[in-house]
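Visitor: Dropping in structure-v6.cif, which is mmCIF, C-alpha atoms:
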```cif
data_work
loop_
_atom_site.group_PDB
_atom_site.id
_atom_site.type_symbol
_atom_site.label_atom_id
_atom_site.label_comp_id
_atom_site.auth_asym_id
_atom_site.auth_seq_id
_atom_site.Cartn_x
_atom_site.Cartn_y
_atom_site.Cartn_z
ATOM 1 C CA LEU A 20 18.091 -54.949 79.479
ATOM 2 C CA GLY A 21 15.069 -53.505 77.805
ATOM 3 C CA ARG A 22 15.583 -55.670 74.673
ATOM 4 C CA THR A 23 12.403 -57.102 73.171
ATOM 5 C CA PRO A 24 12.590 -60.905 73.348
ATOM 6 C CA GLN A 25 12.803 -62.540 69.945
ATOM 7 C CA PRO A 26 10.478 -65.478 69.258
ATOM 8 C CA LEU A 27 12.151 -68.854 69.123
ATOM 9 C CA PRO A 28 11.994 -70.977 65.980
ATOM 10 C CA ARG A 29 9.042 -73.347 65.981
ATOM 11 C CA ASN A 30 11.207 -76.415 66.458
ATOM 12 C CA LEU A 31 12.815 -74.973 69.628
ATOM 13 C CA THR A 32 11.235 -74.442 73.025
ATOM 14 C CA LYS A 33 12.425 -72.830 76.193
ATOM 15 C CA GLY A 34 14.853 -75.054 77.929
ATOM 16 C CA SER A 35 16.004 -76.738 74.762
ATOM 17 C CA LYS A 36 19.732 -77.390 74.756
ATOM 18 C CA HIS A 37 19.948 -75.766 71.344
ATOM 19 C CA THR A 38 18.656 -72.364 72.436
ATOM 20 C CA ALA A 39 22.195 -71.132 73.124
ATOM 21 C CA ASP A 40 22.840 -71.219 69.382
ATOM 22 C CA ILE A 41 20.191 -68.597 68.737
ATOM 23 C CA ILE A 42 21.550 -65.046 68.985
ATOM 24 C CA PRO A 43 18.828 -62.409 69.250
ATOM 25 C CA THR A 44 19.514 -59.591 66.793
ATOM 26 C CA ARG A 45 17.696 -56.296 66.542
ATOM 27 C CA PRO A 46 16.336 -55.436 63.067
ATOM 28 C CA SER A 47 18.400 -52.233 63.036
ATOM 29 C CA SER A 48 21.603 -54.237 63.503
ATOM 30 C CA PHE A 49 20.655 -56.495 60.623
ATOM 31 C CA VAL A 50 20.063 -53.476 58.363
ATOM 32 C CA SER A 51 23.388 -51.958 59.399
ATOM 33 C CA LEU A 52 25.183 -55.196 58.649
ATOM 34 C CA SER A 53 23.487 -55.453 55.246
ATOM 35 C CA LEU A 54 24.510 -51.899 54.366
ATOM 36 C CA PHE A 55 28.076 -52.605 55.479
ATOM 37 C CA VAL A 56 28.276 -55.698 53.271
ATOM 38 C CA LEU A 57 26.793 -53.788 50.325
ATOM 39 C CA LEU A 58 29.187 -50.856 50.694
ATOM 40 C CA SER A 59 32.160 -53.205 51.084
ATOM 41 C CA THR A 60 31.188 -55.020 47.889
ATOM 42 C CA LEU A 61 30.853 -51.754 45.995
ATOM 43 C CA LEU A 62 34.220 -50.532 47.257
ATOM 44 C CA LEU A 63 35.907 -53.781 46.250
ATOM 45 C CA SER A 64 34.307 -53.609 42.796
ATOM 46 C CA THR A 65 35.389 -50.009 42.364
ATOM 47 C CA SER A 66 38.957 -50.702 43.462
ATOM 48 C CA HIS A 67 39.135 -53.636 41.041
ATOM 49 C CA ALA A 68 37.885 -51.454 38.190
ATOM 50 C CA MET A 69 40.353 -48.714 39.112
ATOM 51 C CA ALA A 70 43.184 -51.238 39.121
ATOM 52 C CA GLY A 71 42.543 -51.870 35.423
ATOM 53 C CA LYS A 72 42.615 -55.019 33.387
ATOM 54 C CA THR A 73 45.643 -57.200 32.755
ATOM 55 C CA TRP A 74 47.074 -56.900 29.243
ATOM 56 C CA LEU A 75 49.895 -58.834 27.599
ATOM 57 C CA VAL A 76 51.453 -57.164 24.547
ATOM 58 C CA THR A 77 54.027 -59.058 22.489
ATOM 59 C CA GLY A 78 56.718 -57.163 20.582
ATOM 60 C CA ALA A 79 56.673 -54.303 23.082
ATOM 61 C CA SER A 80 60.222 -52.982 22.720
ATOM 62 C CA SER A 81 59.468 -50.455 19.972
ATOM 63 C CA GLY A 82 56.912 -49.091 17.524
ATOM 64 C CA ILE A 83 53.233 -49.810 18.026
ATOM 65 C CA GLY A 84 53.849 -52.367 20.787
ATOM 66 C CA LEU A 85 55.808 -49.928 22.949
ATOM 67 C CA GLU A 86 53.388 -47.060 22.337
ATOM 68 C CA MET A 87 50.396 -49.261 23.144
ATOM 69 C CA CYS A 88 51.978 -50.214 26.466
ATOM 70 C CA LYS A 89 52.600 -46.540 27.177
ATOM 71 C CA GLN A 90 49.002 -45.521 26.456
ATOM 72 C CA LEU A 91 47.534 -48.478 28.332
ATOM 73 C CA ALA A 92 49.679 -47.915 31.425
ATOM 74 C CA ALA A 93 48.727 -44.224 31.378
ATOM 75 C CA ARG A 94 45.046 -45.097 31.669
ATOM 76 C CA GLY A 95 45.627 -47.495 34.556
ATOM 77 C CA GLU A 96 45.856 -50.906 32.902
ATOM 78 C CA LEU A 97 48.219 -53.577 34.239
ATOM 79 C CA VAL A 98 50.522 -54.203 31.291
ATOM 80 C CA TYR A 99 53.032 -56.955 30.632
ATOM 81 C CA GLY A 100 55.247 -56.470 27.585
ATOM 82 C CA THR A 101 57.432 -59.050 25.853
ATOM 83 C CA CYS A 102 60.650 -58.476 23.958
ATOM 84 C CA ARG A 103 63.826 -60.192 22.866
ATOM 85 C CA LYS A 104 65.970 -57.611 24.662
ATOM 86 C CA PRO A 105 64.639 -54.889 26.981
ATOM 87 C CA ASN A 106 65.588 -51.237 26.563
ATOM 88 C CA ASP A 107 65.368 -48.045 28.601
ATOM 89 C CA LYS A 108 62.226 -46.892 26.804
ATOM 90 C CA MET A 109 60.368 -49.974 27.991
ATOM 91 C CA LYS A 110 61.454 -49.339 31.569
ATOM 92 C CA GLU A 111 60.123 -45.774 31.426
ATOM 93 C CA VAL A 112 56.598 -46.823 30.446
ATOM 94 C CA GLY A 113 55.512 -48.129 33.839
ATOM 95 C CA MET A 114 54.640 -51.681 32.868
ATOM 96 C CA LYS A 115 53.622 -54.253 35.445
ATOM 97 C CA GLY A 116 56.299 -56.536 34.025
ATOM 98 C CA ILE A 117 58.779 -56.871 31.164
ATOM 99 C CA ILE A 118 59.263 -60.411 29.875
ATOM 100 C CA GLU A 119 62.548 -60.609 28.005
ATOM 101 C CA GLY A 120 64.053 -63.348 25.860
ATOM 102 C CA ILE A 121 60.792 -63.852 23.964
ATOM 103 C CA ASP A 122 61.095 -64.696 20.270
ATOM 104 C CA VAL A 123 57.722 -65.703 18.834
ATOM 105 C CA THR A 124 59.444 -67.739 16.111
ATOM 106 C CA ALA A 125 61.101 -70.013 18.705
ATOM 107 C CA ASP A 126 59.601 -73.416 19.459
ATOM 108 C CA ASP A 127 59.839 -72.830 23.213
ATOM 109 C CA VAL A 128 58.111 -69.429 23.229
ATOM 110 C CA GLY A 129 54.956 -70.910 24.739
ATOM 111 C CA ALA A 130 56.761 -72.613 27.597
ATOM 112 C CA LYS A 131 58.703 -69.437 28.380
ATOM 113 C CA LEU A 132 55.556 -67.317 28.523
ATOM 114 C CA VAL A 133 53.681 -69.792 30.694
ATOM 115 C CA ALA A 134 56.598 -69.903 33.140
ATOM 116 C CA ALA A 135 56.972 -66.109 33.225
ATOM 117 C CA LEU A 136 53.238 -65.528 33.669
ATOM 118 C CA LYS A 137 52.522 -68.249 36.209
ATOM 119 C CA ASP A 138 49.275 -67.542 38.100
ATOM 120 C CA VAL A 139 48.615 -64.412 36.002
ATOM 121 C CA LYS A 140 45.105 -64.166 34.564
ATOM 122 C CA ILE A 141 45.157 -62.276 31.258
ATOM 123 C CA ASP A 142 42.171 -60.154 30.264
ATOM 124 C CA VAL A 143 43.567 -59.024 26.911
ATOM 125 C CA LEU A 144 46.277 -60.707 24.827
ATOM 126 C CA VAL A 145 47.666 -58.547 22.024
ATOM 127 C CA ASN A 146 49.661 -60.476 19.431
ATOM 128 C CA ASN A 147 51.631 -57.528 18.115
ATOM 129 C CA ALA A 148 55.077 -59.023 17.461
ATOM 130 C CA GLY A 149 55.689 -59.247 13.730
ATOM 131 C CA GLY A 150 58.234 -58.735 10.996
ATOM 132 C CA PHE A 151 58.708 -57.867 7.360
ATOM 133 C CA THR A 152 62.243 -58.798 6.402
ATOM 134 C CA ALA A 153 64.398 -61.717 7.523
ATOM 135 C CA LYS A 154 67.536 -60.625 9.381
ATOM 136 C CA GLU A 155 69.879 -61.906 6.697
ATOM 137 C CA ASN A 156 68.046 -59.872 4.045
ATOM 138 C CA LYS A 157 67.508 -56.693 6.074
ATOM 139 C CA SER A 158 68.287 -53.629 4.024
ATOM 140 C CA GLY A 159 65.393 -51.321 4.808
ATOM 141 C CA GLY A 160 63.292 -48.842 2.912
ATOM 142 C CA MET A 161 62.094 -49.541 -0.591
ATOM 143 C CA GLU A 162 64.796 -52.149 -1.152
ATOM 144 C CA ALA A 163 63.095 -54.313 1.471
ATOM 145 C CA PHE A 164 59.868 -54.118 -0.546
ATOM 146 C CA GLY A 165 61.792 -54.954 -3.699
ATOM 147 C CA GLN A 166 63.073 -58.140 -2.105
ATOM 148 C CA GLN A 167 59.487 -59.380 -1.926
ATOM 149 C CA SER A 168 58.607 -58.817 -5.566
ATOM 150 C CA LEU A 169 57.522 -61.713 -7.763
ATOM 151 C CA ALA A 170 60.942 -61.816 -9.426
ATOM 152 C CA SER A 171 62.988 -61.523 -6.235
ATOM 153 C CA VAL A 172 61.215 -63.088 -3.267
ATOM 154 C CA LYS A 173 63.165 -65.963 -1.696
ATOM 155 C CA MET A 174 61.737 -68.925 0.116
ATOM 156 C CA ASP A 175 63.606 -68.095 3.318
ATOM 157 C CA GLU A 176 61.821 -64.739 3.238
ATOM 158 C CA MET A 177 58.491 -66.521 2.851
ATOM 159 C CA ARG A 178 59.291 -68.892 5.718
ATOM 160 C CA TYR A 179 60.438 -66.070 7.995
ATOM 161 C CA ASN A 180 57.243 -64.078 7.463
ATOM 162 C CA PHE A 181 55.060 -67.095 8.119
ATOM 163 C CA GLU A 182 57.027 -67.971 11.260
ATOM 164 C CA VAL A 183 56.766 -64.508 12.817
ATOM 165 C CA ASN A 184 53.465 -63.176 11.477
ATOM 166 C CA SER A 185 51.327 -66.316 11.213
ATOM 167 C CA LEU A 186 52.695 -69.028 13.491
ATOM 168 C CA GLY A 187 53.870 -66.597 16.180
ATOM 169 C CA PRO A 188 50.364 -65.444 17.183
ATOM 170 C CA LEU A 189 49.114 -69.028 16.993
ATOM 171 C CA LYS A 190 51.858 -70.362 19.282
ATOM 172 C CA VAL A 191 51.430 -67.557 21.820
ATOM 173 C CA SER A 192 47.625 -67.830 21.906
ATOM 174 C CA GLN A 193 47.723 -71.624 22.074
ATOM 175 C CA ALA A 194 50.124 -71.577 25.025
ATOM 176 C CA LEU A 195 48.192 -68.983 27.041
ATOM 177 C CA ILE A 196 44.611 -69.942 26.245
ATOM 178 C CA ASP A 197 43.994 -71.393 29.715
ATOM 179 C CA GLN A 198 45.159 -68.108 31.266
ATOM 180 C CA ILE A 199 42.796 -65.912 29.250
ATOM 181 C CA SER A 200 39.853 -64.706 31.329
ATOM 182 C CA ALA A 201 36.703 -66.558 30.317
ATOM 183 C CA PRO A 202 34.149 -65.318 29.716
ATOM 184 C CA GLY A 203 35.096 -61.775 28.759
ATOM 185 C CA GLY A 204 38.709 -62.242 27.672
ATOM 186 C CA LYS A 205 40.056 -60.926 24.377
ATOM 187 C CA ILE A 206 42.721 -61.997 21.889
ATOM 188 C CA ALA A 207 43.773 -59.329 19.408
ATOM 189 C CA ILE A 208 46.065 -59.939 16.455
ATOM 190 C CA VAL A 209 47.732 -56.956 14.806
ATOM 191 C CA SER A 210 47.294 -57.796 11.145
ATOM 192 C CA SER A 211 47.377 -55.679 7.973
ATOM 193 C CA LEU A 212 45.101 -54.640 5.160
ATOM 194 C CA VAL A 213 47.704 -55.989 2.726
ATOM 195 C CA GLY A 214 46.535 -59.431 3.860
ATOM 196 C CA SER A 215 43.077 -58.747 2.443
ATOM 197 C CA ILE A 216 42.237 -60.848 -0.603
ATOM 198 C CA ALA A 217 39.442 -58.487 -1.649
ATOM 199 C CA ASP A 218 41.815 -55.497 -1.494
ATOM 200 C CA ALA A 219 44.949 -57.234 -2.782
ATOM 201 C CA GLY A 220 47.616 -55.667 -4.945
ATOM 202 C CA GLY A 221 50.933 -56.933 -6.295
ATOM 203 C CA GLY A 222 54.262 -57.351 -4.542
ATOM 204 C CA MET A 223 55.081 -57.968 -0.873
ATOM 205 C CA TYR A 224 54.517 -61.683 -1.427
ATOM 206 C CA ALA A 225 55.899 -62.908 1.892
ATOM 207 C CA TYR A 226 54.274 -60.276 4.063
ATOM 208 C CA ARG A 227 50.914 -60.366 2.247
ATOM 209 C CA ALA A 228 50.635 -64.138 2.408
ATOM 210 C CA SER A 229 51.605 -64.281 6.095
ATOM 211 C CA LYS A 230 48.967 -61.720 7.017
ATOM 212 C CA THR A 231 46.297 -63.502 4.984
ATOM 213 C CA ALA A 232 47.223 -66.686 6.852
ATOM 214 C CA VAL A 233 47.014 -65.081 10.290
ATOM 215 C CA ASN A 234 43.622 -63.610 9.401
ATOM 216 C CA MET A 235 42.357 -67.138 8.809
ATOM 217 C CA ILE A 236 44.002 -68.330 12.026
ATOM 218 C CA GLY A 237 42.278 -65.554 13.945
ATOM 219 C CA LYS A 238 38.933 -66.250 12.316
ATOM 220 C CA ALA A 239 39.188 -69.950 13.173
ATOM 221 C CA MET A 240 40.144 -69.129 16.774
ATOM 222 C CA SER A 241 37.087 -66.897 17.060
ATOM 223 C CA CYS A 242 34.893 -69.877 16.179
ATOM 224 C CA ASP A 243 36.631 -72.227 18.608
ATOM 225 C CA LEU A 244 36.613 -69.773 21.527
ATOM 226 C CA LYS A 245 33.151 -68.272 21.145
ATOM 227 C CA ASP A 246 31.528 -70.758 23.495
ATOM 228 C CA LYS A 247 34.082 -69.838 26.167
ATOM 229 C CA GLY A 248 33.143 -66.176 25.808
ATOM 230 C CA VAL A 249 36.574 -65.143 24.516
ATOM 231 C CA SER A 250 36.471 -62.709 21.598
ATOM 232 C CA VAL A 251 39.094 -62.585 18.849
ATOM 233 C CA GLY A 252 39.818 -59.681 16.520
ATOM 234 C CA LEU A 253 42.169 -58.941 13.619
ATOM 235 C CA ILE A 254 43.298 -55.313 13.563
ATOM 236 C CA HIS A 255 44.941 -53.230 10.835
ATOM 237 C CA PRO A 256 46.787 -50.304 12.461
ATOM 238 C CA GLY A 257 47.177 -48.314 9.230
ATOM 239 C CA LEU A 258 50.253 -46.914 7.524
ATOM 240 C CA ILE A 259 52.431 -45.957 10.480
ATOM 241 C CA ALA A 260 55.767 -44.157 10.578
ATOM 242 C CA THR A 261 57.972 -46.793 12.221
ATOM 243 C CA SER A 262 61.172 -48.598 11.258
ATOM 244 C CA PHE A 263 59.185 -51.813 10.849
ATOM 245 C CA ALA A 264 60.774 -52.729 7.496
ATOM 246 C CA GLY A 265 64.194 -51.459 8.508
ATOM 247 C CA ASP A 266 65.738 -48.042 7.819
ATOM 248 C CA ASP A 267 63.052 -46.029 6.033
ATOM 249 C CA ASN A 268 65.177 -43.024 5.077
ATOM 250 C CA ASN A 269 64.848 -43.823 1.382
ATOM 251 C CA ILE A 270 61.062 -44.237 1.370
ATOM 252 C CA PRO A 271 59.603 -41.897 -1.282
ATOM 253 C CA GLU A 272 58.159 -38.622 -0.019
ATOM 254 C CA PRO A 273 54.604 -39.336 -1.277
ATOM 255 C CA MET A 274 54.515 -42.478 0.880
ATOM 256 C CA LYS A 275 55.997 -40.666 3.865
ATOM 257 C CA LYS A 276 53.261 -38.050 3.633
ATOM 258 C CA MET A 277 50.647 -40.791 3.872
ATOM 259 C CA GLN A 278 52.147 -42.183 7.071
ATOM 260 C CA ARG A 279 50.558 -41.403 10.420
ATOM 261 C CA SER A 280 52.245 -41.213 13.805
ATOM 262 C CA VAL A 281 52.783 -44.250 15.997
ATOM 263 C CA GLU A 282 50.737 -42.505 18.683
ATOM 264 C CA GLU A 283 47.727 -42.264 16.355
ATOM 265 C CA GLY A 284 48.139 -45.812 15.090
ATOM 266 C CA SER A 285 48.374 -47.246 18.607
ATOM 267 C CA LYS A 286 45.372 -45.250 19.771
ATOM 268 C CA GLY A 287 43.323 -46.731 16.935
ATOM 269 C CA VAL A 288 44.394 -50.289 17.735
ATOM 270 C CA ILE A 289 43.446 -49.836 21.402
ATOM 271 C CA GLU A 290 40.063 -48.387 20.432
ATOM 272 C CA ALA A 291 39.433 -51.378 18.180
ATOM 273 C CA ILE A 292 40.307 -53.776 21.014
ATOM 274 C CA ASP A 293 38.080 -51.888 23.448
ATOM 275 C CA GLY A 294 35.225 -52.351 20.978
ATOM 276 C CA MET A 295 35.691 -56.103 20.632
ATOM 277 C CA THR A 296 32.786 -58.168 21.966
ATOM 278 C CA ILE A 297 31.625 -61.748 21.708
ATOM 279 C CA GLU A 298 28.931 -60.517 19.311
ATOM 280 C CA ASN A 299 31.473 -59.147 16.801
ATOM 281 C CA THR A 300 34.167 -61.759 17.411
ATOM 282 C CA GLY A 301 36.131 -62.810 14.331
ATOM 283 C CA SER A 302 35.962 -59.375 12.688
ATOM 284 C CA PHE A 303 38.718 -57.614 10.742
ATOM 285 C CA TRP A 304 39.072 -54.026 11.950
ATOM 286 C CA HIS A 305 40.863 -50.854 10.868
ATOM 287 C CA GLY A 306 41.957 -48.866 13.925
ATOM 288 C CA ASN A 307 41.717 -45.749 11.748
ATOM 289 C CA TYR A 308 44.207 -43.786 13.840
ATOM 290 C CA GLY A 309 41.697 -43.137 16.610
ATOM 291 C CA ASP A 310 39.247 -41.415 14.264
ATOM 292 C CA GLY A 311 36.572 -44.104 14.562
ATOM 293 C CA VAL A 312 37.084 -47.834 14.023
ATOM 294 C CA LYS A 313 36.086 -49.228 10.625
ATOM 295 C CA THR A 314 35.802 -52.724 9.173
ATOM 296 C CA CYS A 315 38.319 -54.053 6.648
ATOM 297 C CA PRO A 316 37.409 -56.176 3.599
ATOM 298 C CA TRP A 317 38.464 -59.808 3.818
#
```
Could the structure of this file be written out as structure tokens, please?
Guide:
Amino acid sequence: LGRTPQPLPRNLTKGSKHTADIIPTRPSSFVSLSLFVLLSTLLLSTSHAMAGKTWLVTGASSGIGLEMCKQLAARGELVYGTCRKPNDKMKEVGMKGIIEGIDVTADDVGAKLVAALKDVKIDVLVNNAGGFTAKENKSGGMEAFGQQSLASVKMDEMRYNFEVNSLGPLKVSQALIDQISAPGGKIAIVSSLVGSIADAGGGMYAYRASKTAVNMIGKAMSCDLKDKGVSVGLIHPGLIATSFAGDDNNIPEPMKKMQRSVEEGSKGVIEAIDGMTIENTGSFWHGNYGDGVKTCPW
């Protein structure tokens, strides 16, 4: 009906039984189809970007972990948070999922996470769960620091800090490594400047040693995962006003004045994670309260 006949392929002639498989198509239809495919691809890419990346944050029931989840969810990320026991504040954040019953010191923590996150691909794993004082020694404030002095530190305190701050991130990362997006995935470990050997001072024996150990664990992971395209970073959040070491009501005023808000500290940690690449993998960062990420001395 007025359509210009299309030439047959060289290997086909009129009357060939295969000619029915050839569907004449006008050039304009082909262009329209190409544009449709292109626009559909762009729309799918945009919707995926708008949906955000999938983050898993351990120790998300309070402090930096909770605030990170809040800030990440607010910018459109899909956030899973772990905790031992959930609370109302976690439920108000708008997380994609809350994974309860997670104790990073437990031997079965890996199995529990794998079961809870079945078929979930993780773009960013944040090993935030940590501790300062064993439950049986918890007193809070400056007394908690005193319990880790050279004269007072107990071996159960040392073991507790290594279990939660050093082995915890290793167990979690080891269990979920096959679920980390590769290439492009990230593993962040919330560490501390007190774990720096170059910047070391006295006291806090258990906490210092456990953070030095996890820095080495993170550095080694960065070497092992570089070929997969997964970057690893150690991040110091700064001196943050949380109840991390227990009740801090008796912390001296000069120290309190140096503390920054949990909102600022969490913002800095997120900025440091956003800046992680395969080129700078294995680095030790200071979130710097959102005022521009800096490097920390090893």
Visitor: Here is a test: counting only C-alpha atoms, which residue of A:Gln278, A:Asn146, A:Thr101, A:Gln90 is nearest to A:Gly113?
Guide: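 Checking each candidate against A:Gly113, we get A:Gln90 as the closest.
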Visitor: For the file shown, report as JSON, numbers by chain the outcome of the PyMOL selection byres ((chain A and resi 116) around 10) at residue level.
Guide: {"A": [75, 97, 98, 99, 100, 101, 109, 110, 113, 114, 115, 117, 118, 119, 135, 136]}
Visitor: Name the closest residue to A:Met177 among the candidates A:Lys140, A:Lys190, A:Lys230, A:Lys131; distances are taken between atoms, counting all atoms listed in the file.
Guide: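 Ranked by minimum distance to A:Met177, first place goes to A:Lys230.
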Visitor: Select, from A:Ala93, A:Val251, A:Met235, A:Cys315, the residue with the minimum atom-to-atom distance to A:Ile196, counting all atoms listed in the file.
Guide: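 Between A:Ala93, A:Val251, A:Met235, A:Cys315, the residue approaching A:Ile196 most closely is A:Val251.
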Visitor: Mind dumping a table of every stretch 69-99 of chain A residue within 7 Å of stretch 142-145 of chain A, with the nearest atom pair and its distance in Å to one decimal, using all atoms listed in the file, sorted by chain and rising number, as a tab-separated table?
Guide:
```
residue	atom	partner	partner_atom	distance
A:Lys72	CA	A:Asp142	CA	6.0
A:Thr73	CA	A:Asp142	CA	5.2
A:Trp74	CA	A:Val143	CA	4.7
A:Leu75	CA	A:Leu144	CA	4.9
A:Val76	CA	A:Val145	CA	4.8
A:Thr77	CA	A:Val145	CA	6.4
```
Visitor: As a check of understanding, name the residues that the PyMOL selection byres ((chain A and resi 253) around 10) selects in the supplied structure, as number ranges by chain.
Guide: A: 146, 206-212, 230, 233-238, 251-252, 254-256, 288, 291-292, 295, 300-305, 314-315
Visitor: Taking only C-alpha atoms into account, which of A:Asp107, A:Ser185, A:Met87, A:Gln193 comes nearest A:Val128?
Guide: A:Gln193
Visitor: Please compute the atom CA of A:Gly95-atom CA of A:Gly71 distance, one decimal, in Å.
Guide: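 Between these atoms lies a distance of 5.4 Å.
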Visitor: Hey, can you check how far atom CA of A:Ala79 sits from atom CA of A:Val183?
Guide: 14.5 Å
Visitor: Using the chain letters and numbers from the file, give me the residues hit by the PyMOL selection byres ((chain A and resi 83) around 12), as a PyMOL selection string.
Guide: chain A and resi 76-82+84-91+100+145-149+209+255-263+279-289+308
Visitor: Go through A:Ala228, A:Leu195, A:Ala130, A:Ala201 and flag the residue nearest A:Arg178, using all atoms listed in the file for the distances.
Guide: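 Between A:Ala228, A:Leu195, A:Ala130, A:Ala201, the residue approaching A:Arg178 most closely is A:Ala228.
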Visitor: Could you jot down the atom CA of A:Gly203 to atom CA of A:Trp317 separation for me, Å, one decimal place?
Guide: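 Result for atom CA of A:Gly203 versus atom CA of A:Trp317: 25.2 Å, one decimal.
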Visitor: Pick out the residues sitting within 7 Å of A:Gln167, and hand them over as a ChimeraX atom specification; count all atoms listed in the file, and ignore anything fewer than 5 positions along from it in its own chain.
Guide: /A:172,222-225
Visitor: How about saving the chosen residues, C-alpha atoms kept, as a PDB file, in the frame of the given file?
Guide:
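Writing the result to again24.pdb gives the following:
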```
ATOM      1  CA  VAL A 172      61.215 -63.088  -3.267  1.00  0.00           C
ATOM      2  CA  GLY A 222      54.262 -57.351  -4.542  1.00  0.00           C
ATOM      3  CA  MET A 223      55.081 -57.968  -0.873  1.00  0.00           C
ATOM      4  CA  TYR A 224      54.517 -61.683  -1.427  1.00  0.00           C
ATOM      5  CA  ALA A 225      55.899 -62.908   1.892  1.00  0.00           C
TER       6      ALA A 225
END
```
Visitor: Tell me, as a PyMOL selection string, which residues lie within 10 Å of A:Tyr179, counting all atoms listed in the file; anything in the same chain fewer than 5 positions away does not count.
Guide: chain A and resi 124+150-154+174+184-186+225-226+229
